[in-house]
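Source file: target-v4.cif; contents: mmCIF, C-alpha atoms.
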data_query
#
loop_
_atom_site.group_PDB
_atom_site.id
_atom_site.type_symbol
_atom_site.label_atom_id
_atom_site.label_comp_id
_atom_site.auth_asym_id
_atom_site.auth_seq_id
_atom_site.Cartn_x
_atom_site.Cartn_y
_atom_site.Cartn_z
ATOM 1 C CA MET A 30 121.244 92.009 86.473
ATOM 2 C CA ARG A 31 120.292 90.937 90.012
ATOM 3 C CA GLN A 32 123.883 89.886 90.717
ATOM 4 C CA HIS A 33 125.056 93.282 89.505
ATOM 5 C CA ARG A 34 122.624 95.024 91.860
ATOM 6 C CA GLU A 35 123.709 92.938 94.837
ATOM 7 C CA ALA A 36 127.373 93.562 94.008
ATOM 8 C CA LYS A 37 126.677 97.295 93.916
ATOM 9 C CA ILE A 38 125.042 97.158 97.343
ATOM 10 C CA ARG A 39 127.973 95.204 98.793
ATOM 11 C CA GLU A 40 130.295 97.839 97.370
ATOM 12 C CA LEU A 41 128.308 100.569 99.091
ATOM 13 C CA GLU A 42 128.298 98.646 102.367
ATOM 14 C CA GLY A 43 132.085 98.509 102.291
ATOM 15 C CA LYS A 44 132.463 102.283 102.393
ATOM 16 C CA HIS A 45 132.545 104.427 105.527
ATOM 17 C CA GLY A 46 131.962 108.053 106.278
ATOM 18 C CA GLU A 47 129.019 110.436 106.372
ATOM 19 C CA LEU A 48 126.368 109.997 103.721
ATOM 20 C CA SER A 49 123.647 112.456 102.817
ATOM 21 C CA THR A 50 120.796 112.893 100.349
ATOM 22 C CA GLY A 51 118.384 115.811 100.236
ATOM 23 C CA ALA A 52 116.684 116.290 103.582
ATOM 24 C CA VAL A 53 117.831 112.875 104.830
ATOM 25 C CA THR A 54 121.348 112.772 106.295
ATOM 26 C CA PHE A 55 122.963 110.073 108.395
ATOM 27 C CA ALA A 56 126.348 108.539 109.287
ATOM 28 C CA HIS A 57 127.228 105.145 107.837
ATOM 29 C CA THR A 58 127.238 102.240 110.269
ATOM 30 C CA GLU A 59 127.102 98.493 109.764
ATOM 31 C CA CYS A 60 123.484 97.326 109.902
ATOM 32 C CA ARG A 61 123.202 94.321 107.600
ATOM 33 C CA ALA A 62 121.153 92.317 110.099
ATOM 34 C CA GLU A 63 119.079 95.276 111.255
ATOM 35 C CA GLU A 64 116.103 97.085 109.825
ATOM 36 C CA ALA A 65 116.814 100.657 108.771
ATOM 37 C CA ARG A 66 114.228 103.206 107.806
ATOM 38 C CA CYS A 67 113.817 106.844 106.893
ATOM 39 C CA ILE A 68 111.220 109.340 105.755
ATOM 40 C CA LEU A 69 111.862 110.948 102.366
ATOM 41 C CA PRO A 70 109.899 114.131 101.526
ATOM 42 C CA THR A 71 108.371 113.920 98.032
ATOM 43 C CA PRO A 72 105.836 115.900 95.970
ATOM 44 C CA ILE A 73 103.105 113.363 96.792
ATOM 45 C CA GLY A 74 103.890 113.308 100.516
ATOM 46 C CA PRO A 75 106.446 111.769 102.890
ATOM 47 C CA LEU A 76 107.613 108.297 101.828
ATOM 48 C CA ARG A 77 108.630 105.786 104.484
ATOM 49 C CA ILE A 78 111.427 103.615 103.106
ATOM 50 C CA VAL A 79 112.489 100.464 104.948
ATOM 51 C CA ALA A 80 115.567 98.315 104.228
ATOM 52 C CA SER A 81 116.167 94.916 105.799
ATOM 53 C CA GLY A 82 118.465 92.001 105.030
ATOM 54 C CA GLY A 83 119.939 93.650 101.951
ATOM 55 C CA PHE A 84 116.566 94.420 100.376
ATOM 56 C CA ILE A 85 114.134 97.311 100.179
ATOM 57 C CA VAL A 86 111.071 95.830 101.853
ATOM 58 C CA GLU A 87 108.764 98.842 102.052
ATOM 59 C CA VAL A 88 108.116 102.139 100.307
ATOM 60 C CA GLN A 89 104.876 103.642 101.612
ATOM 61 C CA LEU A 90 103.312 107.048 101.970
ATOM 62 C CA THR A 91 102.997 107.995 105.627
ATOM 63 C CA SER A 92 99.720 109.850 105.038
ATOM 64 C CA HIS A 93 96.352 108.476 103.979
ATOM 65 C CA PRO A 94 93.459 110.257 102.226
ATOM 66 C CA THR A 95 90.633 111.322 104.532
ATOM 67 C CA ALA A 96 86.926 111.092 103.743
ATOM 68 C CA GLY A 97 87.125 114.553 102.166
ATOM 69 C CA GLY A 98 89.952 113.512 99.862
ATOM 70 C CA GLU A 99 92.711 115.339 101.737
ATOM 71 C CA THR A 100 95.717 113.609 103.225
ATOM 72 C CA SER A 101 96.301 113.272 106.944
ATOM 73 C CA HIS A 102 99.676 113.425 108.691
ATOM 74 C CA PRO A 103 99.124 111.806 112.104
ATOM 75 C CA HIS A 104 102.551 112.369 113.639
ATOM 76 C CA HIS A 105 103.665 115.755 112.260
ATOM 77 C CA GLN A 106 107.319 114.857 112.726
ATOM 78 C CA THR A 107 110.303 116.002 110.722
ATOM 79 C CA PRO A 108 112.126 113.439 108.537
ATOM 80 C CA MET A 109 115.007 113.141 111.000
ATOM 81 C CA GLU A 110 112.655 112.666 113.957
ATOM 82 C CA GLN A 111 111.117 109.656 112.250
ATOM 83 C CA THR A 112 114.354 107.971 111.228
ATOM 84 C CA SER A 113 116.174 105.342 113.252
ATOM 85 C CA LYS A 114 119.688 105.855 114.582
ATOM 86 C CA THR A 115 121.243 103.218 112.336
ATOM 87 C CA LYS A 116 121.206 103.664 108.546
ATOM 88 C CA SER A 117 122.307 101.513 105.631
ATOM 89 C CA PRO A 118 123.989 102.465 102.346
ATOM 90 C CA LEU A 119 121.144 100.633 100.582
ATOM 91 C CA LEU A 120 118.644 102.979 102.209
ATOM 92 C CA LEU A 121 120.679 105.967 101.082
ATOM 93 C CA GLU A 122 120.833 104.613 97.534
ATOM 94 C CA ALA A 123 117.063 104.120 97.512
ATOM 95 C CA CYS A 124 116.554 107.726 98.595
ATOM 96 C CA ARG A 125 118.903 108.928 95.876
ATOM 97 C CA GLN A 126 117.189 106.959 93.121
ATOM 98 C CA LEU A 127 113.721 108.027 94.242
ATOM 99 C CA GLU A 128 114.800 111.675 94.305
ATOM 100 C CA GLU A 129 116.049 111.248 90.734
ATOM 101 C CA TYR A 130 112.714 109.709 89.755
ATOM 102 C CA PHE A 131 110.767 112.666 91.110
ATOM 103 C CA SER A 132 113.192 115.038 89.337
ATOM 104 C CA HIS A 133 112.616 113.437 85.898
ATOM 105 C CA GLN A 134 116.129 112.000 85.957
ATOM 106 C CA ARG A 135 115.331 108.292 86.376
ATOM 107 C CA LYS A 136 112.939 105.887 84.660
ATOM 108 C CA THR A 137 114.120 102.553 86.063
ATOM 109 C CA PHE A 138 115.455 101.457 89.439
ATOM 110 C CA GLN A 139 118.485 99.344 90.313
ATOM 111 C CA LEU A 140 117.462 98.241 93.791
ATOM 112 C CA PRO A 141 116.898 94.760 95.282
ATOM 113 C CA THR A 142 113.340 94.406 96.589
ATOM 114 C CA LYS A 143 111.539 91.727 98.571
ATOM 115 C CA GLN A 144 108.110 91.464 100.148
ATOM 116 C CA ALA A 145 106.122 88.607 101.609
ATOM 117 C CA GLY A 146 103.111 87.411 99.668
ATOM 118 C CA THR A 147 101.244 84.440 98.267
ATOM 119 C CA PRO A 148 102.488 82.826 95.035
ATOM 120 C CA PHE A 149 99.651 84.599 93.201
ATOM 121 C CA GLN A 150 100.623 87.988 94.645
ATOM 122 C CA GLN A 151 104.275 87.395 93.754
ATOM 123 C CA GLN A 152 103.224 86.683 90.161
ATOM 124 C CA VAL A 153 101.258 89.922 90.000
ATOM 125 C CA TRP A 154 104.084 91.999 91.493
ATOM 126 C CA GLN A 155 106.559 90.497 89.041
ATOM 127 C CA VAL A 156 104.360 91.561 86.128
ATOM 128 C CA LEU A 157 103.985 95.047 87.631
ATOM 129 C CA GLU A 158 107.765 95.450 87.585
ATOM 130 C CA SER A 159 107.741 94.750 83.848
ATOM 131 C CA ILE A 160 105.378 97.641 82.995
ATOM 132 C CA PRO A 161 107.550 100.285 81.291
ATOM 133 C CA TYR A 162 107.849 103.823 82.597
ATOM 134 C CA GLY A 163 105.181 106.069 81.078
ATOM 135 C CA GLU A 164 102.881 103.177 80.140
ATOM 136 C CA THR A 165 99.840 101.614 81.799
ATOM 137 C CA ARG A 166 98.171 98.226 81.845
ATOM 138 C CA SER A 167 94.636 97.237 82.783
ATOM 139 C CA TYR A 168 93.763 94.817 85.560
ATOM 140 C CA GLN A 169 92.648 92.456 82.795
ATOM 141 C CA ASP A 170 96.036 92.782 81.082
ATOM 142 C CA ILE A 171 97.765 91.731 84.298
ATOM 143 C CA ALA A 172 95.380 88.808 84.798
ATOM 144 C CA ARG A 173 96.078 87.588 81.275
ATOM 145 C CA ALA A 174 99.826 88.008 81.750
ATOM 146 C CA ILE A 175 99.782 85.582 84.682
ATOM 147 C CA GLY A 176 97.611 83.111 82.767
ATOM 148 C CA ASN A 177 94.422 83.700 84.754
ATOM 149 C CA PRO A 178 92.261 86.100 82.677
ATOM 150 C CA LYS A 179 89.267 85.909 85.030
ATOM 151 C CA ALA A 180 91.265 86.949 88.101
ATOM 152 C CA MET A 181 90.873 90.708 87.647
ATOM 153 C CA ARG A 182 89.451 91.255 91.127
ATOM 154 C CA ALA A 183 92.241 89.202 92.695
ATOM 155 C CA VAL A 184 94.777 91.236 90.705
ATOM 156 C CA GLY A 185 93.288 94.398 92.200
ATOM 157 C CA GLN A 186 93.619 92.933 95.684
ATOM 158 C CA ALA A 187 97.247 91.965 95.027
ATOM 159 C CA ASN A 188 97.885 95.517 93.818
ATOM 160 C CA ASN A 189 96.486 96.818 97.076
ATOM 161 C CA ARG A 190 98.775 94.488 99.047
ATOM 162 C CA ASN A 191 101.894 95.862 97.366
ATOM 163 C CA LYS A 192 104.058 97.549 100.016
ATOM 164 C CA ILE A 193 106.801 98.817 97.709
ATOM 165 C CA LEU A 194 105.285 101.779 95.903
ATOM 166 C CA ILE A 195 106.900 103.175 92.748
ATOM 167 C CA LEU A 196 109.630 100.511 92.671
ATOM 168 C CA VAL A 197 106.856 97.964 92.121
ATOM 169 C CA PRO A 198 104.658 100.338 90.104
ATOM 170 C CA CYS A 199 101.092 99.421 91.009
ATOM 171 C CA HIS A 200 100.095 102.987 90.057
ATOM 172 C CA ARG A 201 100.510 101.979 86.392
ATOM 173 C CA VAL A 202 97.518 99.636 86.559
ATOM 174 C CA ILE A 203 94.222 101.217 85.553
ATOM 175 C CA GLN A 204 90.758 100.079 84.523
ATOM 176 C CA LYS A 205 90.050 98.717 81.061
ATOM 177 C CA ASP A 206 87.913 101.770 80.168
ATOM 178 C CA GLY A 207 90.746 104.160 81.007
ATOM 179 C CA GLN A 208 89.485 105.160 84.445
ATOM 180 C CA LEU A 209 92.260 105.342 87.018
ATOM 181 C CA GLY A 210 90.735 102.833 89.410
ATOM 182 C CA GLY A 211 91.606 102.649 93.073
ATOM 183 C CA PHE A 212 94.805 103.467 94.931
ATOM 184 C CA GLU A 213 95.417 102.959 98.630
ATOM 185 C CA PHE A 214 96.803 106.466 99.069
ATOM 186 C CA GLY A 215 94.234 108.275 96.959
ATOM 187 C CA VAL A 216 93.523 108.749 93.270
ATOM 188 C CA ASP A 217 95.226 112.169 93.303
ATOM 189 C CA ALA A 218 98.586 110.573 94.139
ATOM 190 C CA LYS A 219 98.098 107.943 91.434
ATOM 191 C CA LYS A 220 97.184 110.598 88.870
ATOM 192 C CA TRP A 221 100.211 112.700 89.857
ATOM 193 C CA LEU A 222 102.622 109.790 89.359
ATOM 194 C CA LEU A 223 101.162 108.914 85.965
ATOM 195 C CA GLU A 224 101.346 112.535 84.838
ATOM 196 C CA LEU A 225 104.953 112.755 86.045
ATOM 197 C CA GLU A 226 105.876 109.798 83.857
ATOM 198 C CA CYS A 227 104.073 111.269 80.855
ATOM 199 C CA GLN A 228 106.104 114.480 81.053
ATOM 200 C CA THR A 229 109.410 112.872 80.141
#
Take the structure I supplied and represent it as structure tokens, if you would.
Amino acid sequence: MRQHREAKIRELEGKHGELSTGAVTFAHTECRAEEARCILPTPIGPLRIVASGGFIVEVQLTSHPTAGGETSHPHHQTPMEQTSKTKSPLLLEACRQLEEYFSHQRKTFQLPTKQAGTPFQQQVWQVLESIPYGETRSYQDIARAIGNPKAMRAVGQANNRNKILILVPCHRVIQKDGQLGGFEFGVDAKKWLLELECQT
């Protein structure tokens, strides 16, 4: 499966011309060794997507909840103002698949991802990727899955360190009693994503 994904990305990188998706439009240029990024508008807020070295390395909301529970947008820039001049086909493909996800047209992703982390964090993130669309797991479930049932707090910390939202679905991890638990970008965003996945 991974080889198929990488082959697909190489196929995309071999094409030229103008590429567009939703509100994000850019011309194709070679940028395999460069970092490319864009801002994708979504129902939960603008998502910053970063591609580097043939991998998606970051998918993060650009706004954070304030003390009153609302989200803040520190830069107030349009998507094109926040994008870099050089774009990659992989970045375009990530935008396309995420748009399909938010439109109830996609339940799984075919994108290569990579993020730096400790061996423990990598174990947790790997288990997160195995949680099916529309389902949830508790922090205790994740701890048991990695063979360390007492590491629930550490699992929560690894969840919080995840920089690739949605693709590595940390929002699908909740408390054992059914409470949503924490989420770096606010419980409202976590609740919205879970409800989205329950609608299809």
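Taking all atoms listed in the file into account, Glu129 of chain A lies nearest to A:Thr71 out of the set A:Asn177, A:Thr71, A:Gln150, A:Val156.
As for atom CA of Gln204 of chain A and atom CA of Ile160 of chain A, they are spaced 14.9 Å apart.
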Exercise. Suppose you want the space between atom CA of Leu157 of chain A and atom CA of Pro198 of chain A; what is it in Å?
Worked result: 5.9 Å
Seminar exercise, completed: Separating atom CA of Pro161 of chain A from atom CA of Leu76 of chain A, to the nearest tenth of an Å, is a gap of 22.0 Å
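Evaluated against this file, the PyMOL selection byres ((chain A and resi 185-189) around 9) yields Gly146, Phe149, Gln150, Gln151, Val153, Trp154, Leu157, Tyr168, Ala180, Met181, Arg182, Ala183, Val184, Arg190, Asn191, Lys192, Cys199, His200, Val202, Gly211, Phe212 and Glu213 of chain A.
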With 8 Å on each side, where is the centre of the axis-aligned box around all listed atoms of segment 181-188 of chain A, and how long are its edges in Å to one decimal, as AutoDock Vina command-line options?
--center_x 93.7 --center_y 92.4 --center_z 91.7 --size_x 24.4 --size_y 22.3 --size_z 24.0
For this session: Apply the PyMOL selection byres ((chain A and resi 88) around 7) to the structure shown and report the selected residues as a ChimeraX atom specification.
Result: /A:76-79,87,89,192-194
Exercise. Care to translate the PyMOL selection byres ((chain A and resi 142) around 6) into actual residues of this file, as a PyMOL selection string?
Worked result: chain A and resi 84-86+141+143
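When all atoms listed in the file are used to measure the gap to Glu158 of chain A, the shortest distance among A:Val197, A:Arg125, A:Tyr130, A:Gly176 belongs to A:Val197.
Distance check against Ala65 of chain A using all atoms listed in the file: of A:Ile195, A:Ile203, A:Thr91, A:Leu121, the minimum falls on A:Leu121.
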Seminar exercise, completed: Of A:Ser92, A:Ser132, A:Ser81, A:Gln144, the one sitting nearest Leu222 of chain A when using all atoms listed in the file is A:Ser132
Problem set entry | Polymer residues at most 10 Å from Arg135 of chain A, only C-alpha atoms, same-chain spacing of 3 or more positions, as a list of chain:residue names | A:Gln126, A:Leu127, A:Glu128, A:Glu129, A:Tyr130, A:Phe131, A:Ser132, A:Phe138, A:Tyr162, A:Glu226, A:Thr229
If we draw a sphere of 8 Å around (101.3, 104.7, 80.2), which residues have at least one atom in it when counting all atoms listed in the file? Please report them as a PDB file with C-alpha atoms, in the frame of the given file.
ATOM      1  CA  PRO A 161     107.550 100.285  81.291  1.00  0.00           C
ATOM      2  CA  TYR A 162     107.849 103.823  82.597  1.00  0.00           C
ATOM      3  CA  GLY A 163     105.181 106.069  81.078  1.00  0.00           C
ATOM      4  CA  GLU A 164     102.881 103.177  80.140  1.00  0.00           C
ATOM      5  CA  THR A 165      99.840 101.614  81.799  1.00  0.00           C
ATOM      6  CA  ARG A 166      98.171  98.226  81.845  1.00  0.00           C
ATOM      7  CA  ARG A 201     100.510 101.979  86.392  1.00  0.00           C
ATOM      8  CA  LEU A 223     101.162 108.914  85.965  1.00  0.00           C
ATOM      9  CA  GLU A 226     105.876 109.798  83.857  1.00  0.00           C
ATOM     10  CA  CYS A 227     104.073 111.269  80.855  1.00  0.00           C
TER      11      CYS A 227
END
